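> Have a look at the structure that comes next, please.
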Amino acid sequence: DTGVSQDPRHKITKRGQNVTFRCDPISEHNRLYWYRQTLGQGPEFLTYFQNEAQLEKSRLLSDRFSAERPKGSFSTLEIQRTEQGDSAMYLCASSLNRDGYTFGSGTRLTVV
Amino acid sequence: ILNVEQSPQSLHVQEGDSTNFTCSFPSSNFYALHWYRWETAKSPEALFVMTLNGDEKKKGRISATLNTKEGYSYLYIKGSQPEDSATYLCAHSGAGSYQLTFGKGTKLSVIP
């Protein structure tokens, strides 16, 4: 297993466009998390799945954001009608329990 | 609302110097404290997970301590090397939740 994979690594989009990111977790990990890091801040929690069920959502996850994990394996994070404030690093992590979270290298989104 | 604070924000040291960083967190509702090292263009790398008051963990030249009663953790690097240059993040997880709350990180630069 090569760890947590995220695609794409970088995405530049025009304001108002929709974007979708993908995360492939470590195969035996049943929990998957999305975080967002903006300039000068630490990563902030967005949402969490256990298998295919979305169990926690942050207030940061506005109605323009939606995350899915349809078969309990990979996950997608979609942002509709992107705004400049959405520019950030989007990190995915997976875990089997609460003692070990493995992060991907992130998708850097730039909204112009 | 949980608030995780890290100090200093950034640090420049000479190769061979030893250094330490601080992470403070609310002492109530505590489950675990995580330390990560994050190098540019890579994924955050897990260093330590600590759960018990008084925990001390060591990995090569890096060690960490935990005080859950007063809500702080120290990370020590002995004999800093240029390859130690990175952002060091701490993250708190509370009882009953799988989300991590991160500090803003300490950016370490080791000058050869």
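Order determines the names: the first chain of the structure tokens is A, the second B, and so forth; residues in each chain are numbered 1 upward, and ligands are numbered 1 upward as they are shown.
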Would you give me, as a PyMOL selection string, the residues of chain B that come within 6 Å of chain A, using only C-alpha atoms?
chain B and resi 42-44+102-104
> Find the residues around Arg64 (chain A) up to 9 Å (only C-alpha atoms counted), leave out those fewer than 6 positions away in its own chain, and share them as an mmCIF file with N, CA, C and O atoms, in the first residue's frame.

data_model
loop_
_atom_site.group_PDB
_atom_site.id
_atom_site.type_symbol
_atom_site.label_atom_id
_atom_site.label_comp_id
_atom_site.auth_asym_id
_atom_site.auth_seq_id
_atom_site.Cartn_x
_atom_site.Cartn_y
_atom_site.Cartn_z
ATOM 1 N N GLU A 78 -16.575 17.820 -3.430
ATOM 2 C CA GLU A 78 -16.956 18.731 -4.500
ATOM 3 C C GLU A 78 -17.238 20.106 -3.922
ATOM 4 O O GLU A 78 -17.881 20.221 -2.866
ATOM 5 N N ILE A 79 -16.736 21.108 -4.594
ATOM 6 C CA ILE A 79 -17.057 22.491 -4.245
ATOM 7 C C ILE A 79 -17.769 23.108 -5.437
ATOM 8 O O ILE A 79 -17.233 23.138 -6.546
ATOM 9 N N GLN A 80 -18.983 23.579 -5.220
ATOM 10 C CA GLN A 80 -19.754 24.221 -6.278
ATOM 11 C C GLN A 80 -19.589 25.733 -6.190
ATOM 12 O O GLN A 80 -19.415 26.285 -5.106
ATOM 13 N N ARG A 81 -19.643 26.374 -7.344
ATOM 14 C CA ARG A 81 -19.603 27.847 -7.422
ATOM 15 C C ARG A 81 -18.447 28.386 -6.574
ATOM 16 O O ARG A 81 -18.645 29.154 -5.636
ATOM 17 N N THR A 82 -17.241 27.965 -6.926
ATOM 18 C CA THR A 82 -16.069 28.310 -6.119
ATOM 19 C C THR A 82 -15.925 29.816 -5.930
ATOM 20 O O THR A 82 -16.268 30.622 -6.809
#
> Which residues come within 7 Å of Glu52 (chain A), counting only C-alpha atoms, excluding same-chain residues fewer than 4 positions away, as JSON, numbers by chain?
{"A": [69, 70, 71, 72]}
> Env of Gly105 (chain B): 9 Å cut, atoms = only C-alpha atoms, seq-sep filter 2 positions within chain, self excluded. Answer as a list in words.
Gly40, Gln41 and Gly42 of chain A; Glu5, Gln6, Ser7, Pro8, Gln9, Ser10, Cys23, Thr87, Tyr88, Leu89, Cys90, Phe102, Gly103 and Lys107 of chain B
> As a VMD selection string, please: every residue in chain B that DSSP puts in strand (DSSP E).
chain B and resid 5 to 7 10 to 14 19 to 24 32 to 38 45 to 50 56 to 59 62 to 67 72 to 77 86 to 93 101 to 102 106 to 111
> List as an MDAnalysis selection string the protein and nucleic acid residues near region 65-72 of chain B, meaning an atom at most 8 Å away when only C-alpha atoms are counted, but skip any in the same chain fewer than 6 places from it.
chainID B and resid 22:27 30 33 50 52:57
> Here is a test: counting only C-alpha atoms, which residue of B:Gly94, B:Thr51, B:Leu108, B:Glu15 is nearest to Trp38 (chain B)?
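The shortest atom-to-atom distance to Trp38 (chain B) comes from B:Leu108.
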> Would you mind listing what lies within 6 Å of region 74-76 of chain B as a compact mmCIF listing (two decimals) with N, CA and C atoms, in the first residue's frame, with only C-alpha atoms counted and same-chain residues fewer than 5 positions away left out?

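Printed below is selection10.txt as written:
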# COMPACT_ATOMS: atom_id res chain seq x y z
N THR B 19 16.57 22.27 20.30
CA THR B 19 15.46 23.21 20.34
C THR B 19 14.22 22.54 20.88
N ASN B 20 13.24 23.35 21.27
CA ASN B 20 11.98 22.77 21.72
C ASN B 20 10.82 23.70 21.39
N PHE B 21 9.64 23.10 21.21
CA PHE B 21 8.43 23.84 20.89
C PHE B 21 7.37 23.47 21.93
N THR B 22 6.37 24.35 22.03
CA THR B 22 5.29 24.13 22.98
C THR B 22 3.95 24.03 22.27
N ILE B 62 14.34 13.11 18.28
CA ILE B 62 13.12 13.86 18.62
C ILE B 62 12.41 13.16 19.77
N SER B 63 11.97 13.96 20.73
CA SER B 63 11.20 13.41 21.85
C SER B 63 10.07 14.35 22.19
N ALA B 64 9.09 13.86 22.92
CA ALA B 64 7.93 14.66 23.29
C ALA B 64 7.45 14.25 24.67
N THR B 65 6.88 15.23 25.38
CA THR B 65 6.30 14.98 26.69
C THR B 65 4.87 15.49 26.71
